[in-house]
Every structure is written in C-alpha cells, then in structure tokens.
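Structure file coords_36.cif (mmCIF, C-alpha atoms and all ligand atoms) is printed below.
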data_final
loop_
_atom_site.label_atom_id
_atom_site.label_comp_id
_atom_site.auth_asym_id
_atom_site.auth_seq_id
_atom_site.Cartn_x
_atom_site.Cartn_y
_atom_site.Cartn_z
CA MET A 1 84.59 99.33 106.12
CA ARG A 2 83.74 99.96 109.71
CA ARG A 3 80.99 97.36 109.62
CA GLU A 4 83.34 94.83 108.08
CA PHE A 5 85.84 95.56 110.76
CA LEU A 6 83.31 95.15 113.53
CA ALA A 7 81.96 91.95 112.05
CA GLY A 8 85.47 90.63 111.59
CA ALA A 9 86.41 91.64 115.07
CA CYS A 10 83.40 89.93 116.61
CA PHE A 11 83.98 86.81 114.56
CA GLY A 12 87.71 86.53 114.94
CA PHE A 13 88.62 88.13 118.19
CA GLY A 14 86.10 86.71 120.57
CA LEU A 15 85.84 87.75 124.15
CA LEU A 16 89.55 87.67 124.82
CA ALA A 17 90.42 90.12 122.10
CA HIS A 18 87.46 92.23 123.07
CA SER A 19 88.88 92.81 126.49
CA PHE A 20 92.28 93.37 124.91
CA ALA A 21 90.83 95.96 122.58
CA GLN A 22 89.30 97.72 125.53
CA GLN A 23 92.63 97.95 127.15
CA ILE A 24 94.31 99.58 124.22
CA GLU A 25 91.59 101.85 122.90
CA ILE A 26 90.21 103.73 125.82
CA PRO A 27 91.51 106.77 127.63
CA ARG A 28 93.57 106.26 130.70
CA GLU A 29 91.03 107.21 133.27
CA ASN A 30 87.49 106.31 134.09
CA THR A 31 85.45 107.34 131.08
CA GLY A 32 81.98 107.58 132.58
CA GLU A 33 82.07 111.35 132.77
CA PHE A 34 83.18 111.71 129.18
CA ALA A 35 80.37 109.58 127.91
CA ALA A 36 77.85 111.66 129.84
CA SER A 37 79.19 115.01 128.71
CA PRO A 38 76.89 116.69 126.17
CA THR A 39 79.30 119.19 124.60
CA LEU A 40 82.53 117.67 123.47
CA SER A 41 84.42 119.00 120.51
CA GLY A 42 87.85 119.01 118.95
CA VAL A 43 90.02 116.22 120.17
CA ASP A 44 87.48 115.70 122.86
CA GLU A 45 85.91 113.47 120.30
CA GLU A 46 89.00 111.44 120.67
CA VAL A 47 88.11 110.90 124.30
CA LYS A 48 84.43 110.51 123.70
CA GLU A 49 84.71 108.17 120.79
CA ARG A 50 87.47 106.09 122.21
CA ALA A 51 85.35 105.71 125.28
CA SER A 52 81.99 105.16 123.68
CA GLU A 53 83.15 102.95 120.88
CA ALA A 54 85.38 100.77 122.94
CA LEU A 55 82.97 100.21 125.78
CA PRO A 56 79.35 99.49 126.41
CA SER A 57 77.99 102.76 127.79
CA ALA A 58 77.19 101.31 131.20
CA VAL A 59 80.68 100.04 131.83
CA HIS A 60 82.91 102.07 134.06
CA TYR A 61 86.36 101.08 133.12
CA ASP A 62 89.19 101.14 135.58
CA ARG A 63 92.67 100.76 134.16
CA ALA A 64 93.98 99.38 137.41
CA ALA A 65 91.39 96.62 137.25
CA ALA A 66 92.23 95.64 133.68
CA PRO A 67 92.25 91.88 133.17
CA LYS A 68 95.70 90.36 133.20
CA ILE A 69 96.76 89.23 129.76
CA THR A 70 99.13 86.34 129.35
CA PRO A 71 102.00 86.51 126.83
CA GLU A 72 100.24 83.88 124.73
CA GLN A 73 97.04 85.93 124.67
CA MET A 74 99.00 89.01 123.69
CA ARG A 75 100.75 87.12 120.95
CA ARG A 76 97.44 85.85 119.57
CA ALA A 77 95.91 89.30 119.74
CA GLY A 78 98.96 90.68 117.96
CA VAL A 79 98.66 88.12 115.19
CA LEU A 80 94.97 88.90 114.78
CA ALA A 81 95.68 92.62 114.71
CA ARG A 82 98.38 92.14 112.08
CA GLU A 83 96.05 90.02 109.95
CA LYS A 84 93.43 92.72 110.21
CA VAL A 85 95.90 95.38 109.07
CA GLU A 86 97.05 93.25 106.16
CA LYS A 87 93.50 92.48 105.11
CA GLU A 88 92.60 96.13 105.26
CA ALA A 89 95.71 97.11 103.33
CA ARG A 90 94.83 94.64 100.57
CA LEU A 91 91.31 96.02 100.44
CA GLN A 92 92.57 99.58 100.34
CA ALA A 93 95.05 98.72 97.61
CA THR A 94 92.26 97.21 95.51
CA ARG A 95 90.18 100.31 96.01
CA ALA A 96 93.10 102.56 95.20
CA ALA A 97 93.68 100.63 91.98
CA GLU A 98 90.01 101.02 91.09
CA ALA A 99 90.16 104.71 91.90
CA ALA A 100 93.26 105.05 89.72
CA LYS A 101 91.40 103.41 86.84
CA ARG A 102 88.50 105.80 87.26
CA PHE A 103 90.95 108.65 87.44
CA ILE A 104 92.44 107.75 84.09
CA THR A 105 89.08 107.49 82.39
CA ALA A 106 87.45 110.51 84.01
CA SER A 107 88.48 114.05 83.22
CA GLN A 108 89.02 114.85 86.89
CA PRO A 109 89.53 112.72 89.98
CA ALA A 110 86.50 112.47 92.22
CA GLU A 111 88.33 113.98 95.14
CA ASP A 112 89.15 117.06 93.14
CA ARG A 113 85.57 117.55 92.10
CA GLN A 114 84.57 117.20 95.67
CA SER A 115 87.10 119.66 96.97
CA ARG A 116 86.27 122.17 94.28
CA SER A 117 82.60 122.19 95.18
CA SER A 118 83.26 122.63 98.89
CA GLY A 119 86.04 125.08 98.32
CA PRO A 120 89.22 124.38 100.27
CA PRO A 121 91.83 126.60 98.71
CA SER A 122 94.58 125.07 96.65
CA SER A 123 98.09 126.27 97.29
CA GLN A 124 97.81 128.50 94.26
CA ALA A 125 94.47 129.98 95.26
CA LEU A 126 95.54 130.86 98.78
CA ASN A 127 96.34 134.44 99.43
CA LEU A 128 99.90 133.60 100.34
CA HIS A 129 101.47 135.23 103.31
CA SER A 130 104.92 136.67 103.17
CA GLU A 131 106.80 133.85 104.82
CA THR A 132 107.61 130.86 102.68
CA ALA A 133 109.95 127.89 102.85
CA LEU A 134 111.61 125.63 100.33
CA THR A 135 110.89 121.92 100.17
CA LYS A 136 111.74 119.07 97.90
CA LEU A 137 108.71 117.67 96.13
CA ALA A 138 107.46 114.52 97.83
CA ASN A 139 108.41 111.49 95.75
CA GLY A 140 105.76 109.42 97.53
CA PHE A 141 104.29 108.85 100.96
CA ASP A 142 104.78 106.20 103.64
CA PHE A 143 103.04 105.37 106.90
CA PRO A 144 104.09 107.45 109.93
CA VAL A 145 104.83 104.38 112.09
CA GLY A 146 106.77 101.18 111.38
CA LYS A 147 108.14 102.72 108.19
CA PRO A 148 107.40 102.34 105.44
CA ASP A 149 104.41 100.02 105.80
CA ALA A 150 103.30 100.38 109.43
CA GLN A 151 104.84 97.03 110.29
CA GLY A 152 104.30 96.25 113.96
CA TYR A 153 101.38 98.67 114.22
CA TYR A 154 97.69 98.60 113.53
CA LYS A 155 94.97 101.16 113.02
CA ALA A 156 92.99 101.16 116.24
CA ARG A 157 90.51 103.66 114.82
CA GLY A 158 89.98 104.86 111.30
CA PHE A 159 88.91 108.08 109.62
CA ARG A 160 85.24 109.02 109.73
CA SER A 161 83.68 112.18 108.30
CA HIS A 162 81.96 114.24 110.99
CA GLY A 163 83.58 112.00 113.57
CA HIS A 164 87.19 110.98 113.92
CA LEU A 165 89.03 113.11 111.36
CA GLY A 166 92.20 111.05 111.40
CA GLU A 167 93.56 107.65 112.27
CA ASP A 168 94.85 106.24 115.54
CA TRP A 169 97.92 104.03 115.22
CA ASP A 170 98.88 101.63 117.99
CA GLY A 171 101.64 99.10 118.46
CA ILE A 172 100.36 95.54 118.08
CA ARG A 173 101.75 94.60 121.48
CA GLY A 174 99.18 96.88 123.09
CA GLY A 175 99.13 99.11 126.14
CA ASP A 176 102.02 101.51 126.47
CA THR A 177 104.59 99.16 124.94
CA ASP A 178 104.75 101.62 122.04
CA LEU A 179 105.39 104.69 124.22
CA GLY A 180 108.38 106.55 122.80
CA ASP A 181 108.35 104.70 119.48
CA PRO A 182 109.62 106.78 116.53
CA ILE A 183 107.15 108.75 114.45
CA TYR A 184 108.22 109.50 110.89
CA SER A 185 107.37 112.17 108.38
CA ILE A 186 105.24 110.53 105.71
CA GLY A 187 107.10 112.39 102.96
CA ASN A 188 109.44 115.26 102.11
CA GLY A 189 108.13 118.55 103.43
CA VAL A 190 108.51 121.46 105.81
CA VAL A 191 107.42 121.65 109.44
CA VAL A 192 104.80 124.40 109.63
CA PHE A 193 103.75 123.75 113.22
CA ALA A 194 105.47 122.12 116.20
CA ARG A 195 104.40 122.77 119.76
CA ASP A 196 102.57 121.59 122.84
CA CYS A 197 98.87 122.30 122.45
CA HIS A 198 97.98 120.90 125.87
CA MET A 199 94.34 119.94 126.23
CA GLY A 200 93.42 116.81 124.37
CA TRP A 201 96.16 117.14 121.77
CA GLY A 202 99.45 117.19 123.67
CA ASN A 203 102.48 117.78 121.43
CA VAL A 204 101.58 118.30 117.78
CA VAL A 205 103.66 118.47 114.60
CA ILE A 206 102.19 119.53 111.25
CA ILE A 207 104.21 119.04 108.08
CA ARG A 208 103.35 120.60 104.72
CA HIS A 209 104.09 118.57 101.62
CA ALA A 210 104.16 119.49 97.95
CA PHE A 211 103.78 116.78 95.34
CA ARG A 212 103.16 116.54 91.64
CA GLU A 213 99.97 114.91 90.48
CA ASP A 214 97.81 115.34 87.46
CA GLY A 215 100.29 117.79 85.96
CA THR A 216 100.13 120.25 88.84
CA VAL A 217 101.79 120.65 92.21
CA LYS A 218 99.45 120.06 95.13
CA ASN A 219 99.90 120.62 98.86
CA ILE A 220 98.75 118.63 101.86
CA ASP A 221 99.34 118.92 105.58
CA SER A 222 100.08 115.84 107.67
CA LEU A 223 99.41 116.12 111.41
CA TYR A 224 100.96 114.00 114.16
CA GLY A 225 99.33 114.33 117.59
CA HIS A 226 99.75 113.23 121.23
CA LEU A 227 103.53 113.04 120.77
CA ASN A 228 105.74 112.29 123.72
CA THR A 229 108.59 114.36 122.31
CA ILE A 230 108.97 116.73 119.35
CA LEU A 231 112.26 116.35 117.47
CA VAL A 232 111.79 119.09 114.86
CA ARG A 233 111.15 122.82 114.84
CA ARG A 234 108.93 125.06 112.78
CA GLY A 235 110.47 125.94 109.42
CA GLN A 236 112.66 122.84 109.30
CA ALA A 237 112.78 120.84 106.07
CA VAL A 238 112.25 117.12 106.65
CA SER A 239 112.66 114.08 104.46
CA ARG A 240 110.44 111.10 103.84
CA GLY A 241 110.92 108.68 106.74
CA GLU A 242 112.76 111.16 108.96
CA GLU A 243 111.97 110.83 112.66
CA ILE A 244 110.04 113.91 113.79
CA GLY A 245 108.90 112.86 117.26
CA THR A 246 107.99 109.93 119.46
CA MET A 247 104.72 108.27 120.29
CA GLY A 248 103.00 109.64 123.38
CA THR A 249 99.93 109.85 125.53
CA ALA A 250 98.88 113.53 125.31
CA HIS A 251 100.15 114.15 128.84
CA GLY A 252 98.72 110.93 130.15
CA MET A 253 95.22 111.23 128.72
CA TYR A 254 95.37 108.09 126.62
CA ASP A 255 97.20 104.85 126.18
CA ALA A 256 100.13 105.72 123.95
CA HIS A 257 99.13 106.03 120.31
CA LEU A 258 99.58 108.34 117.33
CA HIS A 259 96.69 110.48 116.15
CA PHE A 260 97.38 111.12 112.47
CA GLU A 261 95.56 113.33 109.98
CA ILE A 262 96.02 114.37 106.36
CA ARG A 263 94.42 117.65 105.36
CA LYS A 264 93.83 118.99 101.87
CA ASN A 265 92.80 122.36 103.31
CA LEU A 266 95.90 124.23 104.44
CA GLU A 267 94.02 126.69 106.64
CA ILE A 268 92.82 124.34 109.37
CA GLY A 269 95.78 124.26 111.74
CA MET A 270 94.49 123.64 115.26
CA SER A 271 91.08 125.19 114.56
CA ARG A 272 89.26 122.14 113.28
CA ALA A 273 85.91 123.33 114.58
CA ALA A 274 85.92 126.21 112.08
CA PHE A 275 86.01 123.93 109.03
CA ALA A 276 83.74 121.31 107.50
CA ARG A 277 84.55 117.98 109.05
CA ASP A 278 84.49 115.89 105.91
CA LEU A 279 86.36 114.87 102.77
CA SER A 280 86.16 118.40 101.40
CA ASN A 281 88.91 119.29 103.90
CA TYR A 282 90.50 115.95 104.82
CA TYR A 283 91.77 112.79 103.23
CA ASP A 284 91.28 109.31 104.58
CA PRO A 285 94.96 108.93 105.56
CA THR A 286 95.48 105.26 104.71
CA GLN A 287 93.65 105.64 101.44
CA PHE A 288 95.76 108.66 100.54
CA ILE A 289 99.06 106.99 101.37
CA LEU A 290 98.26 103.76 99.56
CA SER A 291 97.26 105.68 96.44
CA HIS A 292 100.36 107.96 96.58
CA ARG A 293 103.24 105.59 97.35
CA GLN A 294 105.35 106.58 94.34
CA LEU A 295 105.17 110.00 92.74
CA PRO A 296 107.12 111.74 90.00
CA THR A 297 110.16 113.58 91.24
CA ALA A 298 111.63 116.86 90.10
CA LYS A 299 114.91 118.66 90.55
CA GLY A 300 115.11 121.77 92.66
CA GLY A 301 112.90 123.06 95.41
CA TYR A 302 109.31 124.08 95.65
CA ARG A 303 108.21 127.06 97.68
CA ILE A 304 105.36 126.64 100.15
CA ALA A 305 103.51 129.11 102.35
CA MET A 306 104.23 128.98 106.07
CA ASN A 307 101.47 131.08 107.65
CA THR A 308 98.15 129.78 106.49
CA PHE A 309 96.48 128.86 109.78
CA THR A 310 94.44 132.04 109.88
CA ARG A 311 91.98 130.82 112.49
CA ASP A 312 94.75 129.94 114.95
CA ALA A 313 95.85 133.55 115.35
CA ASN A 314 93.89 134.19 118.52
CA ILE A 315 94.73 131.00 120.33
CA ARG A 316 96.75 131.74 123.45
CA TRP A 317 98.49 128.42 123.52
CA ASP A 318 99.82 128.38 127.05
CA GLU A 319 97.45 130.68 128.89
CA ARG A 320 94.30 129.13 127.60
CA ARG A 321 94.62 125.43 127.65
CA ASN A 322 91.07 124.95 126.53
CA TYR A 323 91.95 126.25 123.07
CA SER A 324 88.76 124.95 121.50
CA GLN A 325 86.94 127.96 122.94
CA SER A 326 89.06 130.41 120.99
CA SER A 327 87.80 132.37 118.00
CA SER A 328 87.42 129.17 116.04
CA GLY A 329 83.89 128.89 117.36
CA GLY A 330 84.29 125.52 119.01
CA THR A 331 82.08 124.39 121.82
CA SER A 332 83.38 124.02 125.33
CA GLU A 333 84.99 120.99 126.80
CA SER A 334 83.68 119.44 129.94
CA ALA A 335 84.89 120.72 133.26
CA ALA A 336 85.82 117.19 134.19
CA ALA A 337 88.04 116.81 131.15
CA LEU A 338 89.71 120.13 131.86
CA LYS A 339 90.37 119.20 135.47
CA ARG A 340 91.81 115.88 134.43
CA ALA A 341 94.10 117.45 131.86
CA LEU A 342 95.39 120.07 134.27
CA ALA A 343 96.01 117.44 136.90
CA SER A 344 98.12 115.46 134.48
CA GLN A 345 100.21 118.45 133.41
CA HIS A 346 102.21 118.95 136.58
ZN ZN A 401 92.57 109.96 117.17
#

Target encoding structure tokens, full file:
Amino acid sequence: MRREFLAGACFGFGLLAHSFAQQIEIPRENTGEFAASPTLSGVDEEVKERASEALPSAVHYDRAAAPKITPEQMRRAGVLAREKVEKEARLQATRAAEAAKRFITASQPAEDRQSRSSGPPSSQALNLHSETALTKLANGFDFPVGKPDAQGYYKARGFRSHGHLGEDWDGIRGGDTDLGDPIYSIGNGVVVFARDCHMGWGNVVIIRHAFREDGTVKNIDSLYGHLNTILVRRGQAVSRGEEIGTMGTAHGMYDAHLHFEIRKNLEIGMSRAAFARDLSNYYDPTQFILSHRQLPTAKGGYRIAMNTFTRDANIRWDERRNYSQSSSGGTSESAAALKRALASQH
C-alpha cells in the first residue's frame, strides 16, 4: 500500500505536489535535530517519521521559507489528494469485502486468531476494575473527520506496524487551514480518557466502544490526539458522529492534523511503549472502519470497564512532561525535543 502510494505520488504529484506535501507533513520547526536523534519513542516517532519521511535527510526545512503556493496549485493538490483518498477507499473496500468473504468461510476471522496468539485481553478476559460505565452498542463506525466519510480530508500518513501506530488526517487545503476543525467520535461509546498529555501528544481523547460481531460483544478504544480543544470529559457517553474536540497542533509541534488510533487491547492507554507495536494490539484504522460501517444494534446498554490503563498509573501527567520515561519502560526523548515542547507551552 505504501509503495503504491509513493509510486502514485511520484507519478501524479510531480515536484509541485512534493513541495506541497512537505509543507503539510512535517513538524513546525526545523527537523534536523529530530532526524539526528538516536532515541526517539512514543509520539516522538510522529516527529521523527514526519520529518524523515517527508524530507530528504539532508534538507533542513524552514517553515518561514516555505515556497509560496498559488490558489490554483492548492486546488490542484487538493484534487489530487482527494483522488488519492478515493482510490485508497475503493481499494480498502475491495479488501474488506474479500476479508468478509474469508471470514464467512473460515471458522474464525484472521484478526481474531492473531490477537489470540499474541494475547491482548478481550473485554471479558480482563480483570475488570470496579468502575464501569454504560454505553449503547455501536451500530457502526465512521471516520473521525469530515463525517461520515472523511470528505475534505486525506490520510497524510497511514498505519504501520512497529512504526506509526495510527493514521494522520489532514484537511485537503493543507497547512493550518484545518486548525479547529471538528473531530467526531467514530461510534457510540464512553470517554475513558480526556486530558492534556503535553509532550508530543497534546490533548488526547480516548473513547471505548462496544459492538456486536460474530455473536459476541467486542470492545475497542479509539484515540484522538493533538487536539486543539477537548469538548468531552471522562465518563461521558458519546454518540456516533458527536463532536468531541477540535483539530490541533499538539501545542504548536506540528501543522494541524489529527493523530487517530484504534486499539484492540484496552490496556494500552498512554503507555504504548509497554505493548507490542503491531496488529496484535492495534487495528489499521481505515481498514477497521470500512469493514465495520454497519453493525447489528441492540436495545439497552452495555457495561464497559473504565480503569484498564494499568501502565498509566505512575505517569505524573503535569509534573513530568516527558511521560515516556515513566514506568512504561519507554526510552527517553531528545533534549532538543523537550526544550522545544516546553518553549511552546507558555
Ligand atoms: Zn500520527
């Protein structure tokens, strides 16, 4: 998929779009230090990858010196981006249909086999903590921007095991034109986490969903990062398509975009470094949504656990902004990144 995208991008976008892509994909500030840093983890990857993938390593990018883009160039880039999204969506839909066929013929879906072998707990298997909340079952899932189909947005970066564990969604007009745009809950659920995580993440909302599939009720967590504002609070029930926050920059670290994850493991929380960084714990978000657009509904509520982020317990959210060094076992972030983040936090 990635290769196809790159080939398509080279073929279709040309130099103009290349410079446009640079403008919208890289962090706000000069990225040379990030690229040189040997020990980046957590959302630092966001910085590192956005920098290294968007730019040749030798380039020192300066936002102030970004090439001026005419309205016509922006329009063309927007059209190209939209075509790319549509092409990808068609491809994903085909794959989802194929997966559905396999699912019907096989005794278990591949994803389930995978998760069973690597062992993320199901909602039933978790040793549930005392606090629970009621939610309606999700009757299907939509995209978190441009609801329901991400209209007006494109996926600047996709999911990659052991790399980028979510998707980055950007407005097709580029730059910060999407700053403050509404972010929607992908389905019915309950907010299990909503707060400013500072370093790298900014404001984060995590919503827990329950849905019926294969005769059982399953849970997933959807995560929305870098938000400019949070419009919900922990424990709040939310509906499919309800606005939960607005698109942001993680306190000025990036061009405005949404970092979006879907987890099958309900223990991860903000301690990603403590868990396998692959499909045993995560879904490819677009793939998941496209294969779960309509789901069976049920009357009444379903009870979900609220306190499952066991590894987050020792994170001192406000005192220790470099949370990745908490008990989760993450590696340290670069001093330069820390300095930059503190400088942007006023
Ligand atoms: Zn991201």

Which protein, DNA or RNA residues have an atom within 6 Å of ligand ZN 401 (chain A), counting only C-alpha atoms and all ligand atoms, as a PyMOL selection string? chain A and resi 46+166-168+259

Could you write out the selected residues, including C-alpha atoms, as a tab-separated table (two decimals), keeping the file's coordinate frame?
chain	number	residue	atom	x	y	z
A	46	GLU	CA	89.00	111.44	120.67
A	166	GLY	CA	92.20	111.05	111.40
A	167	GLU	CA	93.56	107.65	112.27
A	168	ASP	CA	94.85	106.24	115.54
A	259	HIS	CA	96.69	110.48	116.15

Find the residue from A:Leu137, A:Thr308, A:Glu131, A:Leu279 that sits nearest to Val217 in chain A; use only C-alpha atoms when measuring.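 Ranked by minimum distance to Val217 in chain A, first place goes to A:Leu137.
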
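Proximity to Phe275 in chain A was assessed for A:Trp169, A:Trp201, A:Phe309, A:Phe260 counting only C-alpha atoms; the smallest distance is recorded for A:Phe309.
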
Among listed residues A:Gly163, A:Gly269, A:Pro144, A:Gly235, nearest Arg311 in chain A (using only C-alpha atoms): A:Gly269

7 Å contact set for Ile230 in chain A, only C-alpha atoms, chain neighbours under 4 positions out, as an MDAnalysis selection string: chainID A and resid 203 244:246
